[in-house]
$ cat input.cif   # mmCIF, C-alpha atoms
data_model
#
loop_
_atom_site.label_atom_id
_atom_site.label_comp_id
_atom_site.auth_asym_id
_atom_site.auth_seq_id
_atom_site.Cartn_x
_atom_site.Cartn_y
_atom_site.Cartn_z
CA MET A 1 45.91 198.55 121.62
CA SER A 2 47.29 197.93 118.13
CA ASP A 3 45.40 195.73 115.64
CA PRO A 4 48.07 192.97 115.54
CA ALA A 5 48.04 192.71 119.33
CA LEU A 6 44.25 192.57 119.34
CA LEU A 7 44.30 189.75 116.80
CA VAL A 8 46.78 187.79 118.89
CA LEU A 9 44.63 188.18 121.98
CA LEU A 10 41.56 187.17 120.01
CA PHE A 11 43.44 184.08 118.90
CA PHE A 12 44.06 183.17 122.52
CA ALA A 13 40.45 183.89 123.36
CA ILE A 14 39.26 181.53 120.63
CA ILE A 15 41.58 178.78 121.87
CA ILE A 16 40.31 179.20 125.42
CA GLY A 17 36.72 179.22 124.24
CA TYR A 18 37.26 176.06 122.25
CA MET A 19 38.86 174.26 125.19
CA LEU A 20 36.10 175.36 127.51
CA GLY A 21 33.46 174.09 125.14
CA ARG A 22 35.20 170.76 124.69
CA TYR A 23 35.78 170.32 128.40
CA TYR A 24 32.23 170.98 129.46
CA HIS A 25 30.82 168.97 126.59
CA GLN A 26 32.81 166.00 127.78
CA LYS A 27 31.52 166.50 131.33
CA ASN A 28 27.93 166.94 130.10
CA LEU A 29 27.57 170.01 132.28
CA LYS A 30 25.21 171.81 129.94
CA GLN A 31 23.86 174.32 132.42
CA HIS A 32 27.30 175.34 133.66
CA SER A 33 28.54 175.38 130.09
CA SER A 34 25.95 177.97 129.16
CA VAL A 35 27.18 180.22 131.99
CA ILE A 36 30.74 179.80 130.79
CA SER A 37 29.74 180.51 127.22
CA LYS A 38 28.01 183.70 128.31
CA SER A 39 31.12 184.85 130.20
CA TYR A 40 33.27 183.90 127.24
CA PHE A 41 31.29 186.09 124.88
CA ILE A 42 31.24 188.96 127.38
CA GLY A 43 35.04 188.73 127.51
CA LEU A 44 35.23 188.56 123.74
CA ASN A 45 33.11 191.70 123.54
CA TYR A 46 35.52 193.50 125.85
CA LEU A 47 38.37 192.55 123.53
CA LEU A 48 36.51 193.80 120.49
CA ASN A 49 35.97 197.10 122.29
CA GLU A 50 39.67 197.24 123.13
CA GLN A 51 39.15 196.75 126.86
CA PRO A 52 41.75 194.04 127.55
CA ASP A 53 41.79 194.53 131.33
CA ALA A 54 38.08 193.84 131.60
CA ALA A 55 38.46 190.92 129.19
CA ILE A 56 41.20 189.36 131.31
CA ASP A 57 39.06 189.60 134.45
CA THR A 58 36.08 188.04 132.67
CA PHE A 59 37.99 185.14 131.13
CA ILE A 60 39.81 184.26 134.35
CA SER A 61 36.68 184.45 136.50
CA ALA A 62 34.92 182.10 134.07
CA LEU A 63 37.78 179.65 133.75
CA ASP A 64 38.02 176.34 135.57
CA ILE A 65 41.71 175.63 136.03
CA THR A 66 43.06 172.61 134.15
CA SER A 67 46.58 171.79 133.03
CA ASP A 68 45.68 172.95 129.51
CA THR A 69 44.17 176.27 130.52
CA VAL A 70 46.96 177.17 132.96
CA ASP A 71 49.56 176.80 130.22
CA THR A 72 47.40 178.92 127.91
CA TYR A 73 47.13 181.72 130.43
CA LEU A 74 50.84 181.52 131.19
CA ALA A 75 51.48 181.96 127.47
CA LEU A 76 49.12 184.93 127.42
CA GLY A 77 50.95 186.49 130.37
CA THR A 78 54.28 185.98 128.61
CA LEU A 79 52.87 187.69 125.52
CA PHE A 80 51.81 190.73 127.54
CA CYS A 81 55.20 190.88 129.29
CA LYS A 82 57.14 190.75 126.02
CA ARG A 83 54.95 193.56 124.68
CA GLY A 84 55.91 195.66 127.69
CA GLU A 85 52.45 195.43 129.25
CA VAL A 86 53.81 194.02 132.49
CA ASP A 87 50.89 195.22 134.60
CA ARG A 88 48.52 192.97 132.64
CA SER A 89 50.87 190.03 132.88
CA ILE A 90 51.05 190.57 136.65
CA ARG A 91 47.26 190.67 136.85
CA ILE A 92 46.93 187.35 135.02
CA HIS A 93 49.45 185.61 137.24
CA GLN A 94 48.04 187.06 140.46
CA GLU A 95 44.54 185.98 139.46
CA LEU A 96 45.76 182.47 138.70
CA LEU A 97 47.53 182.22 142.07
CA ALA A 98 44.28 183.14 143.80
CA ARG A 99 42.58 180.05 142.38
CA PRO A 100 42.49 177.24 144.97
CA SER A 101 42.34 174.55 142.28
CA LEU A 102 45.98 175.07 141.21
CA THR A 103 48.19 172.04 141.75
CA PRO A 104 51.50 172.59 143.63
CA SER A 105 53.41 172.25 140.35
CA GLN A 106 51.17 174.79 138.62
CA SER A 107 51.48 177.18 141.54
CA ILE A 108 55.28 177.06 141.32
CA LYS A 109 55.19 177.81 137.58
CA VAL A 110 52.84 180.76 138.09
CA GLN A 111 54.93 182.14 140.97
CA LEU A 112 58.06 181.93 138.82
CA GLU A 113 56.34 183.81 136.00
CA LEU A 114 55.07 186.43 138.47
CA ALA A 115 58.64 186.90 139.74
CA LYS A 116 59.77 187.45 136.14
CA ASP A 117 57.00 190.05 135.76
CA TYR A 118 58.26 191.90 138.83
CA MET A 119 61.80 191.77 137.45
CA SER A 120 60.62 193.27 134.16
CA ALA A 121 58.87 196.01 136.13
CA GLY A 122 62.03 196.72 138.15
CA LEU A 123 60.40 195.48 141.37
CA PHE A 124 63.40 193.40 142.38
CA ASP A 125 62.52 193.16 146.08
CA ARG A 126 59.18 191.52 145.29
CA ALA A 127 60.76 189.21 142.74
CA GLU A 128 63.53 188.23 145.15
CA GLY A 129 61.00 187.42 147.88
CA ILE A 130 59.17 184.97 145.62
CA LEU A 131 62.34 183.41 144.23
CA VAL A 132 64.03 182.95 147.61
CA ASP A 133 60.94 181.11 148.83
CA LEU A 134 60.86 178.93 145.71
CA VAL A 135 64.56 178.06 146.02
CA SER A 136 63.97 176.63 149.49
CA HIS A 137 61.92 173.79 147.97
CA ASN A 138 62.83 171.00 145.56
CA HIS A 139 60.88 171.19 142.31
CA GLU A 140 61.36 170.97 138.56
CA CYS A 141 61.76 174.75 138.19
CA LYS A 142 64.48 175.11 140.82
CA TYR A 143 67.34 175.81 138.43
CA ASP A 144 65.33 178.31 136.42
CA THR A 145 64.51 179.95 139.76
CA LEU A 146 68.20 180.12 140.69
CA GLN A 147 69.05 181.66 137.32
CA GLN A 148 66.43 184.37 137.77
CA LEU A 149 67.71 185.05 141.28
CA LEU A 150 71.23 185.35 139.88
CA LYS A 151 70.03 187.96 137.38
CA ILE A 152 68.61 190.04 140.23
CA TYR A 153 71.82 189.92 142.24
CA GLU A 154 73.86 190.86 139.16
CA GLN A 155 71.52 193.77 138.45
CA GLU A 156 71.61 194.92 142.07
CA LYS A 157 75.38 194.29 142.30
CA GLU A 158 74.97 192.06 145.36
CA TRP A 159 78.01 190.02 144.50
CA LEU A 160 78.27 187.84 147.61
CA LYS A 161 74.69 186.66 147.10
CA ALA A 162 75.44 186.18 143.40
CA ILE A 163 78.45 184.04 144.33
CA ASP A 164 76.32 181.83 146.60
CA VAL A 165 73.70 181.30 143.89
CA ALA A 166 76.32 180.75 141.18
CA GLU A 167 78.06 178.14 143.30
CA SER A 168 74.73 176.32 143.75
CA LEU A 169 74.15 176.36 140.01
CA GLY A 170 77.71 175.28 139.32
CA ARG A 171 77.57 172.36 141.73
CA HIS A 172 74.36 170.91 140.34
CA GLN A 173 74.07 171.86 136.68
CA LYS A 174 77.39 173.45 135.63
CA LEU A 175 75.33 176.45 134.48
CA VAL A 176 77.92 178.96 135.73
CA ASN A 177 81.56 178.49 134.73
CA VAL A 178 84.48 179.23 137.01
CA GLU A 179 85.62 182.12 134.81
CA THR A 180 82.35 183.95 135.47
CA LEU A 181 82.50 183.14 139.17
CA ALA A 182 86.03 184.58 139.28
CA LEU A 183 84.70 187.81 137.76
CA TYR A 184 82.08 188.00 140.54
CA TYR A 185 84.92 187.93 143.06
CA CYS A 186 86.62 190.70 141.07
CA GLU A 187 83.43 192.77 141.26
CA GLN A 188 83.41 192.31 145.02
CA ALA A 189 87.09 193.30 145.15
CA GLU A 190 86.33 196.48 143.16
CA LYS A 191 83.56 197.28 145.63
CA HIS A 192 85.97 197.04 148.57
CA LEU A 193 88.67 199.03 146.79
CA ALA A 194 86.18 201.85 146.23
CA HIS A 195 85.84 202.05 150.04
CA ASN A 196 89.60 201.60 150.60
CA LYS A 197 89.13 198.18 152.21
CA ARG A 198 92.29 196.83 150.70
CA VAL A 199 92.77 193.71 152.83
CA ALA A 200 89.30 192.44 151.92
CA ALA A 201 89.84 193.41 148.28
CA HIS A 202 93.08 191.43 148.17
CA ARG A 203 91.30 188.41 149.64
CA TYR A 204 88.65 188.46 146.91
CA ILE A 205 91.31 188.83 144.21
CA LYS A 206 93.01 185.77 145.66
CA ASN A 207 89.67 183.92 145.51
CA ALA A 208 89.36 184.89 141.84
CA PHE A 209 92.81 183.47 141.05
CA GLY A 210 91.89 180.33 143.00
CA LEU A 211 89.06 179.73 140.55
CA ASP A 212 90.73 180.98 137.38
CA LYS A 213 94.49 181.41 137.33
CA ASN A 214 94.16 183.16 133.95
CA CYS A 215 91.73 185.81 135.19
CA VAL A 216 92.98 188.98 133.47
CA ARG A 217 90.76 191.23 135.51
CA ALA A 218 92.20 189.89 138.76
CA SER A 219 95.70 190.60 137.40
CA LEU A 220 94.73 194.16 136.52
CA LEU A 221 93.24 194.73 139.97
CA LEU A 222 96.23 193.25 141.80
CA ALA A 223 98.64 195.29 139.67
CA ARG A 224 96.66 198.43 140.43
CA MET A 225 96.88 197.74 144.17
CA ASN A 226 100.61 197.08 143.92
CA TYR A 227 101.11 200.29 141.96
CA GLU A 228 99.10 202.37 144.43
CA ASP A 229 101.18 200.90 147.27
CA GLY A 230 104.40 201.87 145.47
CA ARG A 231 105.33 198.26 144.69
CA TYR A 232 106.10 198.94 141.04
CA ARG A 233 108.12 195.77 140.43
CA ASP A 234 105.25 193.64 141.75
CA ALA A 235 102.85 195.56 139.53
CA ILE A 236 105.04 194.89 136.48
CA LYS A 237 105.39 191.21 137.34
CA THR A 238 101.62 190.86 137.62
CA LEU A 239 100.89 192.76 134.41
CA GLU A 240 103.42 190.77 132.42
CA ARG A 241 101.41 187.62 133.16
CA ILE A 242 98.64 188.87 130.90
CA ILE A 243 100.62 187.85 127.79
CA LYS A 244 100.18 184.23 128.87
CA GLN A 245 96.70 184.66 130.37
CA ASP A 246 94.93 186.15 127.36
CA MET A 247 96.83 188.16 124.75
CA LYS A 248 93.80 190.06 123.49
CA TYR A 249 93.79 192.02 126.76
CA ILE A 250 97.41 193.21 126.42
CA PRO A 251 96.23 196.76 125.51
CA LEU A 252 94.59 197.09 128.94
CA SER A 253 97.91 196.47 130.68
CA ILE A 254 100.10 198.95 128.79
CA PRO A 255 99.23 202.29 130.52
CA LEU A 256 100.00 200.96 134.01
CA LEU A 257 103.11 199.17 132.76
CA GLU A 258 104.43 202.41 131.27
CA SER A 259 103.81 204.24 134.55
CA SER A 260 105.43 201.49 136.62
CA TYR A 261 108.58 201.32 134.48
CA THR A 262 108.75 205.13 134.40
CA ASN A 263 108.63 205.32 138.21
CA LEU A 264 111.48 202.82 138.31
CA GLN A 265 113.33 204.85 135.64
CA ASN A 266 113.71 201.62 133.70
CA THR A 267 113.04 202.49 130.07
CA LYS A 268 115.19 199.56 128.95
CA GLY A 269 112.87 197.14 130.75
CA LEU A 270 109.82 198.81 129.21
CA GLY A 271 111.35 198.53 125.74
CA ALA A 272 112.10 194.84 126.26
CA HIS A 273 108.54 194.13 127.37
CA LEU A 274 107.01 196.10 124.48
CA SER A 275 109.24 194.21 122.03
CA LYS A 276 108.01 190.93 123.49
CA CYS A 277 104.41 192.09 123.10
CA LEU A 278 105.08 193.06 119.48
CA ASN A 279 106.42 189.59 118.77
CA GLU A 280 103.54 187.83 120.53
CA LYS A 281 100.61 190.00 119.42
CA PRO A 282 101.27 193.32 117.69
CA CYS A 283 98.50 195.84 118.35
CA SER A 284 98.14 199.60 118.00
CA THR A 285 98.42 200.28 121.75
CA VAL A 286 101.79 198.51 121.92
CA ILE A 287 102.99 200.08 118.66
CA LEU A 288 102.11 203.57 119.90
CA ALA A 289 103.77 202.92 123.27
CA MET A 290 106.97 201.81 121.53
CA THR A 291 106.78 204.81 119.19
CA GLY A 292 106.51 207.13 122.20
CA LEU A 293 109.44 205.42 123.92
CA LEU A 294 111.64 205.69 120.80
CA GLU A 295 110.68 209.32 120.35
CA LYS A 296 111.71 210.06 123.92
CA GLU A 297 114.92 208.00 123.94
CA GLN A 298 116.21 208.19 120.35
CA GLY A 299 114.39 211.05 118.68
CA GLN A 300 111.54 211.62 116.25
CA ASN A 301 113.31 210.25 113.17
CA ASP A 302 113.75 206.79 114.70
CA ALA A 303 110.22 206.90 116.07
CA LEU A 304 108.84 207.85 112.64
CA GLU A 305 110.84 205.14 110.89
CA PHE A 306 109.59 202.51 113.34
CA LEU A 307 105.97 203.65 113.06
CA VAL A 308 105.99 203.63 109.25
CA GLU A 309 107.43 200.12 109.25
CA GLN A 310 104.74 198.91 111.68
CA LEU A 311 101.93 200.56 109.72
CA HIS A 312 103.02 198.71 106.59
CA ARG A 313 102.64 195.47 108.54
CA LYS A 314 99.54 196.41 110.53
CA PRO A 315 97.71 199.52 109.33
CA THR A 316 95.39 201.11 111.91
CA LEU A 317 93.64 204.46 112.25
CA LYS A 318 95.34 205.06 115.61
CA GLY A 319 98.73 204.51 114.02
CA LEU A 320 97.85 206.79 111.12
CA ALA A 321 96.82 209.55 113.52
CA LYS A 322 100.17 209.27 115.33
CA LEU A 323 102.04 209.30 112.00
CA ILE A 324 100.33 212.54 110.99
CA GLN A 325 101.16 214.07 114.38
CA LEU A 326 104.84 213.12 114.10
CA GLN A 327 105.21 214.41 110.56
CA GLN A 328 103.50 217.64 111.54
CA GLU A 329 105.78 218.11 114.54
CA MET A 330 108.85 217.42 112.41
CA GLY A 331 108.37 220.65 110.50
CA GLN A 332 106.63 219.75 107.25
CA GLU A 333 105.55 223.41 106.91
CA LYS A 334 104.63 223.32 103.24
CA HIS A 335 102.04 220.66 103.93
CA GLU A 336 100.79 222.24 107.19
CA ASP A 337 97.20 222.85 106.03
CA SER A 338 96.85 219.37 104.60
CA PHE A 339 98.29 217.81 107.75
CA ASN A 340 95.91 219.79 109.96
CA LEU A 341 92.89 218.75 107.91
CA PHE A 342 93.96 215.12 107.77
CA ARG A 343 94.67 215.06 111.49
CA VAL A 344 91.30 216.59 112.39
CA LEU A 345 89.42 214.17 110.14
CA THR A 346 91.30 211.17 111.52
CA LYS A 347 90.60 212.26 115.09
CA LYS A 348 86.90 212.66 114.32
CA MET A 349 86.81 209.19 112.80
CA LEU A 350 88.48 207.72 115.89
CA ASP A 351 86.15 209.61 118.23
CA LEU A 352 83.16 208.04 116.50
CA LYS A 353 84.52 204.51 116.55
CA PRO A 354 83.91 202.06 119.42
CA ILE A 355 86.95 200.64 121.20
CA PHE A 356 85.52 197.40 122.59
CA ASN A 357 83.05 194.82 121.32
CA CYS A 358 81.27 191.70 122.53
CA SER A 359 82.10 188.39 120.87
CA SER A 360 78.72 186.96 121.92
CA CYS A 361 76.22 189.53 120.63
CA GLY A 362 78.24 192.15 118.74
CA PHE A 363 77.63 195.00 121.22
CA SER A 364 80.27 197.73 120.89
CA GLY A 365 81.23 200.79 122.90
CA LYS A 366 84.05 202.94 124.20
CA LYS A 367 84.09 201.55 127.75
CA MET A 368 85.43 198.20 128.88
CA HIS A 369 82.72 196.01 130.42
CA TRP A 370 83.48 192.67 132.03
CA GLN A 371 79.77 191.86 131.71
CA CYS A 372 78.23 192.78 128.35
CA PRO A 373 75.46 195.38 128.93
CA SER A 374 73.48 193.92 126.04
CA CYS A 375 73.53 190.11 126.26
CA ARG A 376 74.69 190.03 129.93
CA ASP A 377 77.38 187.43 129.19
CA TRP A 378 80.62 187.64 131.17
CA GLY A 379 84.19 187.89 129.88
CA CYS A 380 83.17 188.32 126.23
CA VAL A 381 84.02 192.04 125.75
CA SER A 382 87.53 192.86 124.55
CA PRO A 383 89.41 195.47 122.49
CA ILE A 384 88.38 195.63 118.83
CA GLU A 385 91.04 194.36 116.45
CA GLY A 386 91.76 195.36 112.85
CA ILE A 387 92.30 198.66 111.06
CA GLU A 388 89.71 200.49 113.19
CA GLY A 389 90.99 199.09 116.50
CA GLU A 390 94.08 197.28 117.73
#
$ encode --input "input.cif" --output "structure tokens"
Amino acid sequence: MSDPALLVLLFFAIIIGYMLGRYYHQKNLKQHSSVISKSYFIGLNYLLNEQPDAAIDTFISALDITSDTVDTYLALGTLFCKRGEVDRSIRIHQELLARPSLTPSQSIKVQLELAKDYMSAGLFDRAEGILVDLVSHNHECKYDTLQQLLKIYEQEKEWLKAIDVAESLGRHQKLVNVETLALYYCEQAEKHLAHNKRVAAHRYIKNAFGLDKNCVRASLLLARMNYEDGRYRDAIKTLERIIKQDMKYIPLSIPLLESSYTNLQNTKGLGAHLSKCLNEKPCSTVILAMTGLLEKEQGQNDALEFLVEQLHRKPTLKGLAKLIQLQQEMGQEKHEDSFNLFRVLTKKMLDLKPIFNCSSCGFSGKKMHWQCPSCRDWGCVSPIEGIEGE
């Protein structure tokens, strides 16, 4: 054990020793106090010899449970858990639960902390068993219990159970917003789509819209289903809603929109939609899509002219990479080596850059997450904006 950790544990030991001395002095139990004092110093000796497990056993066996000492040991267990020494935290809480002198309120607190220990250790079944039992009773820790249970169901991707718990929290404490609950339904829809259970998936998407009419993820899922079923017009209609739902997610809609309009052989409609997106919220994904459309329909010169104009207004690395590609393809032979080098360097820069980030904690990555992997918040990850993003 490191010296700082040992000092912290010694600090707790001193506090416990002080409280024990004060308690037994007040009770005038001198003989029993001497036994406690002996156990206290044995435990302290174990700590000094870096034997924390033996010290824990000694302190707990010597301790008479009071409201003060329970809170102290709970704090000690939390300290061990935060240090990653979950096994020791579990031992403390299990030992406390074995004491018959615990009050019902104290027992609930200790059980909740033990469940958190099991969660930290990845023993979700054990944690769930404790939490489900605690939820069945009314007590002051009920909402904390529900929140811990929700974390387990999110981790285990048991979305129907998560929905039940979230609805309980939402009804009583407004601790889960409808936007998050809608995303749970989207998760369940994704699960059914993966097993080609499309009727059930559609039902859960409908549930998501019922909670949050501006749920972008539900729109993306519904559009995907429409596209896969060959209903390209329905897919387009659904995707075009995203402009009104949340403009920062427009880049996620563009690839499927392009494919849908292409299958309908309606390049004019695609151009009109891209122009609308440019007016509402210009971003590199839309600019590059319009550049590609112009290149295909009107030629490279018009595409290049459009791209240069857009880059003056909104410079981005993605746009610069496309500009280099166009100029290279248009036969600028005398600058071929420079173009190649510039293009390679720009591509390397883009490959190293994240595409999405979290507005809550700053997490960034290349994959879209509807729940941030870092802070676990929902609906806070979106495409990065600015010169290095959209």
$ resolve_selection --input "input.cif" --expression "the PyMOL selection byres ((chain A and resi 382-387) around 7)" --output "list in words"
Lys248, Tyr249, Pro315, Thr316, Leu317, Ile355, Phe356, Asn357, Cys358, Cys380, Val381, Glu388, Gly389 and Glu390 of chain A
$ closest_residue --input "input.cif" --among "A:Leu193, A:Leu102, A:Val132, A:Leu211" --to "Glu167 (chain A)" --atoms "all atoms listed in the file"
A:Leu211
$ residues_around --input "input.cif" --residues "Lys142 (chain A)" --least-positions-apart "3" --cutoff "12 Å" --atoms "all atoms listed in the file" --output "PyMOL selection string"
chain A and resi 105+108-109+111-112+131-139+145-149+165+168-169+172-173
$ closest_residue --input "input.cif" --among "A:Ser275, A:Gln188, A:Thr285, A:Asn226" --to "Ile254 (chain A)" --atoms "all atoms listed in the file"
A:Thr285
$ resolve_selection --input "input.cif" --expression "the PyMOL selection byres ((chain A and resi 157-161) around 8)" --output "list of chain:residue names"
A:Tyr153, A:Glu154, A:Gln155, A:Glu156, A:Ala162, A:Ile163, A:Asp164, A:Val165, A:Tyr184, A:Tyr185, A:Glu187, A:Gln188
$ resolve_selection --input "input.cif" --expression "the PyMOL selection byres ((chain A and resi 84-100) around 8)" --output "JSON, numbers by chain"
{"A": [53, 56, 60, 65, 70, 73, 74, 76, 77, 78, 79, 80, 81, 82, 83, 101, 102, 107, 110, 111, 113, 114, 117, 118, 120, 121]}
$ atom_distance --input "input.cif" --atom1 "CA of Ile287 (chain A)" --atom2 "CA of Gln310 (chain A)"
7.3 Å
$ closest_residue --input "input.cif" --among "A:Gln245, A:Gly230, A:Gly122, A:Gly365" --to "Leu352 (chain A)" --atoms "only C-alpha atoms"
A:Gly365
$ atom_distance --input "input.cif" --atom1 "CA of Lys318 (chain A)" --atom2 "CA of Asn301 (chain A)"
18.9 Å
$ closest_residue --input "input.cif" --among "A:Leu270, A:His369, A:Glu295, A:Ala201" --to "Met330 (chain A)" --atoms "all atoms listed in the file"
A:Glu295
$ atom_distance --input "input.cif" --atom1 "CA of Lys197 (chain A)" --atom2 "CA of Tyr227 (chain A)"
15.9 Å
$ axis_aligned_box --input "input.cif" --around "region 100-113 of chain A" --padding-each-side "6 Å" --output "AutoDock Vina command-line options"
--center_x 50.2 --center_y 177.9 --center_z 140.5 --size_x 27.7 --size_y 23.8 --size_z 21.0
$ closest_residue --input "input.cif" --among "A:Asp71, A:Lys367, A:Asp144, A:Thr180" --to "Lys353 (chain A)" --atoms "all atoms listed in the file"
A:Lys367
$ residues_near_point --input "input.cif" --point "(108.1, 200.8, 142.5)" --cutoff "12 Å" --atoms "only C-alpha atoms" --output "compact mmCIF listing (two decimals) with C-alpha atoms, keeping the file's coordinate frame"
# COMPACT_ATOMS: atom_id res chain seq x y z
CA ALA A 223 98.64 195.29 139.67
CA ARG A 224 96.66 198.43 140.43
CA MET A 225 96.88 197.74 144.17
CA ASN A 226 100.61 197.08 143.92
CA TYR A 227 101.11 200.29 141.96
CA GLU A 228 99.10 202.37 144.43
CA ASP A 229 101.18 200.90 147.27
CA GLY A 230 104.40 201.87 145.47
CA ARG A 231 105.33 198.26 144.69
CA TYR A 232 106.10 198.94 141.04
CA ARG A 233 108.12 195.77 140.43
CA ASP A 234 105.25 193.64 141.75
CA ALA A 235 102.85 195.56 139.53
CA ILE A 236 105.04 194.89 136.48
CA LYS A 237 105.39 191.21 137.34
CA LEU A 256 100.00 200.96 134.01
CA LEU A 257 103.11 199.17 132.76
CA GLU A 258 104.43 202.41 131.27
CA SER A 259 103.81 204.24 134.55
CA SER A 260 105.43 201.49 136.62
CA TYR A 261 108.58 201.32 134.48
CA THR A 262 108.75 205.13 134.40
CA ASN A 263 108.63 205.32 138.21
CA LEU A 264 111.48 202.82 138.31
CA GLN A 265 113.33 204.85 135.64
CA ASN A 266 113.71 201.62 133.70
$ residues_near_point --input "input.cif" --point "(81.1, 186.8, 130.0)" --cutoff "10 Å" --atoms "only C-alpha atoms" --output "PyMOL selection string"
chain A and resi 177+179-181+183+358-360+369-372+375-381
$ build_atoms --input "input.cif" --residues "region 261-278 of chain A" --atoms "N, CA and C atoms" --output "CSV table (one decimal), in the coordinates of the input"
chain,number,residue,atom,x,y,z
A,261,TYR,N,107.2,201.3,135.0
A,261,TYR,CA,108.6,201.3,134.5
A,261,TYR,C,109.1,202.7,134.6
A,262,THR,N,108.3,203.7,134.3
A,262,THR,CA,108.8,205.1,134.4
A,262,THR,C,109.1,205.5,135.8
A,263,ASN,N,108.3,205.0,136.8
A,263,ASN,CA,108.6,205.3,138.2
A,263,ASN,C,109.9,204.6,138.7
A,264,LEU,N,110.2,203.5,138.0
A,264,LEU,CA,111.5,202.8,138.3
A,264,LEU,C,112.6,203.3,137.5
A,265,GLN,N,112.3,204.3,136.6
A,265,GLN,CA,113.3,204.8,135.6
A,265,GLN,C,114.0,203.7,134.9
A,266,ASN,N,113.2,202.8,134.4
A,266,ASN,CA,113.7,201.6,133.7
A,266,ASN,C,113.1,201.6,132.3
A,267,THR,N,113.6,202.5,131.4
A,267,THR,CA,113.0,202.5,130.1
A,267,THR,C,113.5,201.3,129.3
A,268,LYS,N,114.7,200.8,129.6
A,268,LYS,CA,115.2,199.6,129.0
A,268,LYS,C,114.3,198.4,129.2
A,269,GLY,N,113.8,198.2,130.4
A,269,GLY,CA,112.9,197.1,130.8
A,269,GLY,C,111.5,197.3,130.0
A,270,LEU,N,111.1,198.5,129.9
A,270,LEU,CA,109.8,198.8,129.2
A,270,LEU,C,110.0,198.4,127.7
A,271,GLY,N,111.1,198.8,127.2
A,271,GLY,CA,111.4,198.5,125.7
A,271,GLY,C,111.4,197.0,125.5
A,272,ALA,N,112.0,196.3,126.4
A,272,ALA,CA,112.1,194.8,126.3
A,272,ALA,C,110.7,194.2,126.3
A,273,HIS,N,109.9,194.7,127.3
A,273,HIS,CA,108.5,194.1,127.4
A,273,HIS,C,107.7,194.5,126.1
A,274,LEU,N,107.8,195.7,125.7
A,274,LEU,CA,107.0,196.1,124.5
A,274,LEU,C,107.4,195.3,123.3
A,275,SER,N,108.7,195.0,123.2
A,275,SER,CA,109.2,194.2,122.0
A,275,SER,C,108.7,192.8,122.1
A,276,LYS,N,108.6,192.3,123.3
A,276,LYS,CA,108.0,190.9,123.5
A,276,LYS,C,106.5,190.9,123.1
A,277,CYS,N,105.8,192.0,123.5
A,277,CYS,CA,104.4,192.1,123.1
A,277,CYS,C,104.2,192.2,121.6
A,278,LEU,N,105.1,192.9,120.9
A,278,LEU,CA,105.1,193.1,119.5
A,278,LEU,C,105.3,191.7,118.8
